[in-house]
Amino acid sequence: MIRLGELALWIALPLAIWGTTLAVLGARWGREPLLRSAERSVHAVLLLSGLALVGLGVAFWTDAFPLRYVSDHSNREMEPLYKLTGVWAGDRGLLLLRTAVLAFVASLVVRRDGVGRGWAMATLLALLSGGLLLHLFVLSPFDRLAFNPADGRGPMPALRDGWMALHTGAVHLGATLFAVPFALGVGALVAGRSESSSVASRAGYGGGSSEVEPVREAGERSTHSPGLEDIRRWVLAGWLLVGAGILAGMRRAYGDPASGGFWGWDPAEVAVLVLWLVATALLHTLRIEARTGSLARWNLALVLLLFPLGLVAPVLAGSGLLESAHPLRFGAGALRGVVGFGVVIGVGAVLLFTARGGGGREPGAGVGWRSREAALLAGGLLLLGMGAIAGWGSLAPLLTGGIGEAVTVGPAFFELVLLPLGLVVLAGMGIAPLLRWGRMSGRALARALLLPVAVAGVTGLGLVELGMQDGWALGVVALFAFLLAAQAVLGWREVRGRMGRTGEGALHATLGEFGSGVRRCGGRLAHLGLALLVVGAALSSRGTMVRATLDPGDAMEITTPTGGVYTLNYLGMSTASRGGIWQVIASFRVVRDGVEVAFIDTERRMHAIPPRTTSSWGLHRTAVGDVRILMEGTDEAMGLGNDPDLQRADFHVEYRPFMAGVGYGGILLLLGGLLAFRREDAVDVVERGEA
């Protein structure tokens, strides 16, 4: 099976190149038989790349250590689950996974009819051809060693973690999905019909479009991007996966003492955040285009940026050129091959956009400043600005090192610059839904903002009265209250309007509004989730911490910001061995205000292959805050044989307020994104008076 997988890549490459040629000729000459042949090439490449991926998985499962990639990322002691996730624990397997997923989504897209179909198919096949070239000549996962090792070296311990496997897979799969809107945008530009109203109807607007075609004067041309609804849904799918990957990475970092917390502004974290911010900005400006027909050129530019950014940024951050603690590493071959491939794609997209991307109104053209489209545009620009600042901060050592002394910025820079912008975005999430499309009078806007501003003010004053002195935390919670009140005002306005139109009661009108606007409600739920996540992040950083050296039977206390007291009684230490890992486990009983609430363990692990020592937090989670404890400063003989004389250790205890807000906020964010996949009926949009 392993040999078959390697052979499949060699067969897939000429098929992908041949399919690219057929798609180009079919699109240029208008020959449907050629396009159908190219479509069959896509399906063949999917089958062959899937076969190669299965072959690599079999190699991991059967401990085929003569393969260099398997030897580097697995060993005989690894659990079966981590042998499978080891497939994407390094650059070569991860690239193969992305190629197989790209072939899968391409097979879904090639059946789509519309202008630019052939060119979009040619683009996807060209991307597949480039990936297969890298597999065969630069980053082959089937390269063999000159001998047969008795065992593999295994991955870094941090990669033997379910959250890490989910983080890596979700981020890179999401980045791969951005290839579809990229191909649709290239197809539209090459077809030369990006401003034709027939393109919009045939490539995504006709038959089930989620938006209402804006009213135009006679003879005015539509400036919609082709396949706008298709592009929106694929961008949203990638956005969801990248967001899920970020949340999984935050969860892994929260349990890893080496990370210092759930977010540390590591270049690898920032690279993924920049990608997510650009995708978020695009989703908002696509909404404007769907309503008004403006920003078509702007949105096409962002569509063409997303895929090469998602290809290059994670590799560059993990290549070693930037100082990163992220465990996933990309070698020199990946740096040269993948980054070079991404640069070629990006330069080609820029040249194509420059030559064929004319038309469409520029950002802000014809937009009244007291309007929902103005708020969405401002939010999109702010998100792009935050992404640019974060990207520059991470790349500063690389960009400045070649012209003089390297400039390095730390977390303080990101927090000083990005946190104020984040608060502005948070406020905008509350203001934008209260605005109407088109123009809104100042008096009407003031009336709409009156209750939310009052609620935010009362909340802020109440928190000050309760003793909260931290300005950032105070501002974030007050803005969250503003957002909740704004959503309540908007919801009541819509329910009252439906009651007036249909004569329904309040309950039936509320249920009817949700049923007819699932996608709209999904967007609002995502906004609430993001705001809750930000509140949790802001409050959790204002916790308390103590350290102590304990013997079994000793106890230590930690006081919460609200005055509660947790007592942690050290029960003793034990040892265990599992999967080639020697574990030293310290057990504690947790008591809050005299009431026993939990038992938790903290561990130190000694890994044999590769030799390394790691630790993990013991965690007690509640809705209002987390207590976590870490064993540190240990003796090598500590705990061996469960000897009672070798159980003294140093411990670090933290209390993190409202960490649950980060988790629940992330869940709401993803759930809202899933609901936003729903296509709204144009009739319902008209009935709500939003068209």
# chains A, B, ... in the order shown; residues from 1 in each chain; ligands from 1
$ residues_around --residues "Gly665 (chain A)" --least-positions-apart "4" --cutoff "10 Å" --atoms "only C-alpha atoms" --output "PDB file with C-alpha atoms, in the first residue's frame"
ATOM      1  CA  LEU A 525     -24.718  35.139  17.656  1.00  0.00           C
ATOM      2  CA  ALA A 526     -21.174  35.118  16.253  1.00  0.00           C
ATOM      3  CA  HIS A 527     -20.758  38.755  17.309  1.00  0.00           C
ATOM      4  CA  LEU A 528     -21.983  37.976  20.822  1.00  0.00           C
ATOM      5  CA  GLY A 529     -19.651  34.985  21.007  1.00  0.00           C
ATOM      6  CA  LEU A 530     -16.647  37.053  19.964  1.00  0.00           C
ATOM      7  CA  ALA A 531     -17.532  39.747  22.496  1.00  0.00           C
ATOM      8  CA  LEU A 532     -17.903  37.143  25.261  1.00  0.00           C
ATOM      9  CA  LEU A 533     -14.527  35.671  24.299  1.00  0.00           C
ATOM     10  CA  VAL A 534     -12.910  39.109  24.531  1.00  0.00           C
ATOM     11  CA  VAL A 535     -14.520  39.706  27.942  1.00  0.00           C
ATOM     12  CA  GLY A 536     -13.202  36.361  29.186  1.00  0.00           C
ATOM     13  CA  MET A 659     -11.941  31.812  31.717  1.00  0.00           C
ATOM     14  CA  ALA A 660     -15.255  30.119  30.870  1.00  0.00           C
ATOM     15  CA  GLY A 661     -16.075  33.225  28.832  1.00  0.00           C
ATOM     16  CA  LEU A 669     -18.770  32.227  17.625  1.00  0.00           C
ATOM     17  CA  LEU A 670     -18.528  28.940  15.721  1.00  0.00           C
ATOM     18  CA  LEU A 671     -22.226  28.139  16.164  1.00  0.00           C
TER      19      LEU A 671
END
$ closest_atom_pairs --of "region 288-367 of chain A" --to "region 154-163 of chain A" --cutoff "12 Å" --atoms "only C-alpha atoms" --output "Markdown table"
| residue | atom | partner | partner_atom | distance |
| --- | --- | --- | --- | --- |
| A:Ala325 | CA | A:Ala158 | CA | 10.5 |
| A:His326 | CA | A:Ala158 | CA | 8.9 |
| A:Pro327 | CA | A:Ala158 | CA | 6.3 |
| A:Leu328 | CA | A:Leu159 | CA | 7.4 |
| A:Arg329 | CA | A:Met156 | CA | 10.0 |
$ closest_residue --among "A:Arg232, A:Arg370, A:Arg547, A:Arg36" --to "Ala446 (chain A)" --atoms "only C-alpha atoms"
A:Arg370
$ closest_residue --among "A:Leu322, A:Ala244, A:Val87, A:Ala355" --to "Pro397 (chain A)" --atoms "only C-alpha atoms"
A:Leu322
$ closest_residue --among "A:Arg628, A:Ala576, A:Arg621, A:Ala548" --to "Ala649 (chain A)" --atoms "only C-alpha atoms"
A:Ala548
$ select_by_dssp --residues "region 380-626 of chain A" --states "alpha helix (DSSP H)" --output "JSON, numbers by chain"
{"A": [380, 381, 382, 383, 384, 385, 386, 387, 388, 389, 390, 391, 392, 393, 394, 395, 396, 397, 398, 399, 400, 401, 411, 412, 413, 414, 415, 416, 417, 418, 419, 420, 421, 422, 423, 424, 425, 426, 427, 428, 429, 430, 431, 442, 443, 444, 445, 446, 447, 448, 449, 450, 451, 452, 453, 454, 455, 456, 457, 458, 459, 460, 461, 462, 463, 464, 465, 471, 472, 473, 474, 475, 476, 477, 478, 479, 480, 481, 482, 483, 484, 485, 486, 487, 488, 489, 490, 491, 492, 493, 494, 495, 496, 497, 498, 499, 500, 501, 502, 506, 507, 508, 509, 510, 511, 512, 513, 514, 515, 516, 518, 519, 520, 521, 522, 523, 524, 525, 526, 527, 528, 529, 530, 531, 532, 533, 534, 535, 536, 537, 538, 539, 540]}
$ residues_around --residues "Leu451 (chain A)" --least-positions-apart "2" --cutoff "10 Å" --atoms "only C-alpha atoms" --output "list in words"
Ala446, Arg447, Ala448, Leu449, Val453, Ala454, Val455, Ala456, Gly457, Phe482, Ala485, Ala486, Ala488 and Val489 of chain A
$ residues_around --residues "region 341-343 of chain A" --least-positions-apart "5" --cutoff "9 Å" --atoms "only C-alpha atoms" --output "CSV table (one decimal) with N, CA, C and O atoms, in the first residue's frame"
chain,number,residue,atom,x,y,z
A,130,GLY,N,1.1,22.2,-8.9
A,130,GLY,CA,2.2,22.8,-8.2
A,130,GLY,C,2.4,22.0,-6.9
A,130,GLY,O,3.5,21.7,-6.5
A,131,GLY,N,1.3,21.6,-6.2
A,131,GLY,CA,1.5,20.9,-5.0
A,131,GLY,C,2.1,19.5,-5.2
A,131,GLY,O,3.0,19.0,-4.5
A,134,LEU,N,5.8,19.8,-5.8
A,134,LEU,CA,6.5,19.9,-4.5
A,134,LEU,C,6.6,18.5,-3.8
A,134,LEU,O,7.7,18.2,-3.3
A,307,PHE,N,-5.8,33.1,-0.2
A,307,PHE,CA,-5.2,31.8,-0.4
A,307,PHE,C,-3.7,31.8,-0.3
A,307,PHE,O,-3.1,31.1,0.4
A,308,PRO,N,-3.0,32.7,-1.1
A,308,PRO,CA,-1.5,32.8,-0.9
A,308,PRO,C,-1.1,33.1,0.5
A,308,PRO,O,-0.1,32.7,1.0
A,309,LEU,N,-1.9,34.0,1.2
A,309,LEU,CA,-1.6,34.3,2.6
A,309,LEU,C,-1.7,33.1,3.5
A,309,LEU,O,-0.8,32.8,4.3
A,310,GLY,N,-2.7,32.3,3.3
A,310,GLY,CA,-2.9,31.1,4.1
A,310,GLY,C,-1.8,30.0,3.7
A,310,GLY,O,-1.6,29.1,4.5
A,311,LEU,N,-1.2,30.1,2.6
A,311,LEU,CA,-0.2,29.1,2.2
A,311,LEU,C,1.2,29.5,2.8
A,311,LEU,O,1.9,28.7,3.3
A,312,VAL,N,1.5,30.8,2.7
A,312,VAL,CA,2.8,31.3,3.1
A,312,VAL,C,3.0,31.6,4.6
A,312,VAL,O,4.0,31.2,5.2
A,336,ARG,N,11.6,27.0,1.1
A,336,ARG,CA,11.9,27.3,-0.3
A,336,ARG,C,10.8,27.0,-1.2
A,336,ARG,O,10.4,27.8,-2.1
A,348,GLY,N,1.3,36.4,-9.5
A,348,GLY,CA,0.4,36.1,-10.6
A,348,GLY,C,-0.9,36.7,-10.4
A,348,GLY,O,-1.5,37.3,-11.3
